[in-house]
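File shown: protein.cif. Contents: mmCIF, C-alpha atoms.
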data_input
loop_
_atom_site.label_atom_id
_atom_site.label_comp_id
_atom_site.auth_asym_id
_atom_site.auth_seq_id
_atom_site.Cartn_x
_atom_site.Cartn_y
_atom_site.Cartn_z
CA MET X 1 40.85 40.70 176.24
CA ASN X 2 40.59 44.50 176.33
CA THR X 3 37.11 45.41 175.07
CA ARG X 4 37.92 49.11 174.78
CA VAL X 5 40.68 48.37 172.28
CA VAL X 6 38.39 46.04 170.34
CA ILE X 7 35.63 48.68 170.12
CA PHE X 8 38.12 51.42 169.23
CA SER X 9 39.59 49.28 166.46
CA GLY X 10 36.08 48.61 165.17
CA LEU X 11 35.25 52.32 165.14
CA VAL X 12 38.44 53.21 163.28
CA MET X 13 37.74 50.57 160.66
CA ALA X 14 34.11 51.77 160.45
CA GLY X 15 35.41 55.22 159.55
CA LEU X 16 37.64 53.76 156.86
CA GLY X 17 34.78 51.59 155.61
CA SER X 18 32.47 54.57 155.29
CA VAL X 19 35.08 56.39 153.18
CA PHE X 20 35.42 53.27 151.03
CA GLY X 21 31.62 53.10 150.69
CA LEU X 22 31.51 56.73 149.57
CA ALA X 23 34.19 56.00 146.97
CA VAL X 24 32.21 53.03 145.67
CA SER X 25 29.05 55.14 145.44
CA GLU X 26 30.95 57.72 143.36
CA LEU X 27 32.41 55.03 141.10
CA GLN X 28 29.05 53.40 140.37
CA ARG X 29 27.65 56.45 138.61
CA ASP X 30 26.84 55.95 134.93
CA GLN X 31 27.90 58.27 132.16
CA TYR X 32 25.05 59.47 129.97
CA GLN X 33 24.48 61.56 126.89
CA CYS X 34 22.76 64.85 127.50
CA CYS X 35 19.91 65.66 125.14
CA GLY X 36 20.95 69.10 123.95
CA ASP X 37 20.74 72.33 125.86
CA ILE X 38 17.25 71.84 127.30
CA THR X 39 18.34 72.60 130.84
CA ARG X 40 20.25 75.72 131.77
CA LYS X 41 22.26 74.14 134.59
CA VAL X 42 25.86 72.98 134.38
CA ASP X 43 25.88 69.31 133.45
CA LEU X 44 28.95 67.18 134.12
CA GLY X 45 27.76 64.24 132.01
CA TYR X 46 27.36 61.82 134.90
CA SER X 47 24.27 60.72 136.75
CA GLN X 48 23.96 61.56 140.43
CA SER X 49 24.69 58.83 142.92
CA LYS X 50 21.23 57.70 143.98
CA THR X 51 21.93 56.21 147.37
CA PRO X 52 25.36 57.11 148.75
CA GLU X 53 24.00 56.78 152.30
CA ARG X 54 23.42 53.06 151.79
CA TYR X 55 26.95 52.53 150.54
CA ILE X 56 28.40 54.54 153.41
CA LEU X 57 26.34 52.63 155.99
CA ALA X 58 27.22 49.25 154.48
CA GLY X 59 30.92 50.15 154.44
CA ALA X 60 30.79 51.34 158.04
CA VAL X 61 29.02 48.18 159.26
CA MET X 62 31.42 45.90 157.41
CA GLY X 63 34.41 47.93 158.63
CA PHE X 64 33.24 47.74 162.24
CA GLY X 65 32.78 43.99 161.97
CA VAL X 66 36.14 43.37 160.33
CA GLY X 67 38.01 45.70 162.70
CA SER X 68 36.47 44.18 165.81
CA ILE X 69 37.06 40.62 164.66
CA LEU X 70 40.69 41.30 163.70
CA GLU X 71 41.45 42.96 167.02
CA SER X 72 39.73 40.13 168.91
CA ILE X 73 41.91 37.62 167.08
CA ARG X 74 45.04 39.69 167.85
CA GLN X 75 44.10 39.84 171.54
CA ALA X 76 43.32 36.13 171.72
CA SER X 77 46.53 34.91 170.10
CA PRO X 78 49.43 34.39 172.50
CA ASN X 79 52.40 36.71 172.09
CA GLU X 80 55.94 35.35 171.99
CA ALA X 81 57.10 38.14 174.31
CA GLU X 82 54.81 36.93 177.12
CA GLU X 83 56.25 33.41 177.10
#
Please express what this file holds, its structure, as structure tokens.
Amino acid sequence: MNTRVVIFSGLVMAGLGSVFGLAVSELQRDQYQCCGDITRKVDLGYSQSKTPERYILAGAVMGFGVGSILESIRQASPNEAEE
């Protein structure tokens, strides 16, 4: 089993998982009604994502785990070309 390939596959999937976590953190925002023109800033009508770092970290950890496990399974299974 090539450990470099397993780690590389885990890192690539961790990158994809962090992007997925960021997308989930953006989707979980709630829409709210603004209470008039009390504030002078531009309001988009959505709450801010409170903890996008947690979603990104969770996605990266799960992506690393899934990527490493999948590549380990691919490396462990016998190929028909070798036989």
Inset, instruction - Identify all residues satisfying the PyMOL selection byres ((chain X and resi 60) around 10) in the given file; provide them as a ChimeraX atom specification. - result: /X:10-21,54-59,61-66
Inset, instruction - Determine, counting all atoms listed in the file, which protein, DNA and RNA residues have an atom within 12 Å of an atom of Arg4 (chain X); residues of the same chain fewer than 5 positions away are not included. Present the result as JSON, numbers by chain. - result: {"X": [9, 10, 11, 68, 71, 72, 75]}
Expected file contents, prior selection, C-alpha atoms, as a compact mmCIF listing (two decimals), in the frame of the given file:
# COMPACT_ATOMS: atom_id res chain seq x y z
CA SER X 9 39.59 49.28 166.46
CA GLY X 10 36.08 48.61 165.17
CA LEU X 11 35.25 52.32 165.14
CA SER X 68 36.47 44.18 165.81
CA GLU X 71 41.45 42.96 167.02
CA SER X 72 39.73 40.13 168.91
CA GLN X 75 44.10 39.84 171.54
Inset, instruction - Take CA of Ser77 (chain X) and CA of Asn2 (chain X) and report the distance between them in Å, one decimal. - result: 12.9 Å
Legend entry - Separation of CA of Val6 (chain X) from CA of Leu70 (chain X) in Å: 8.5 Å
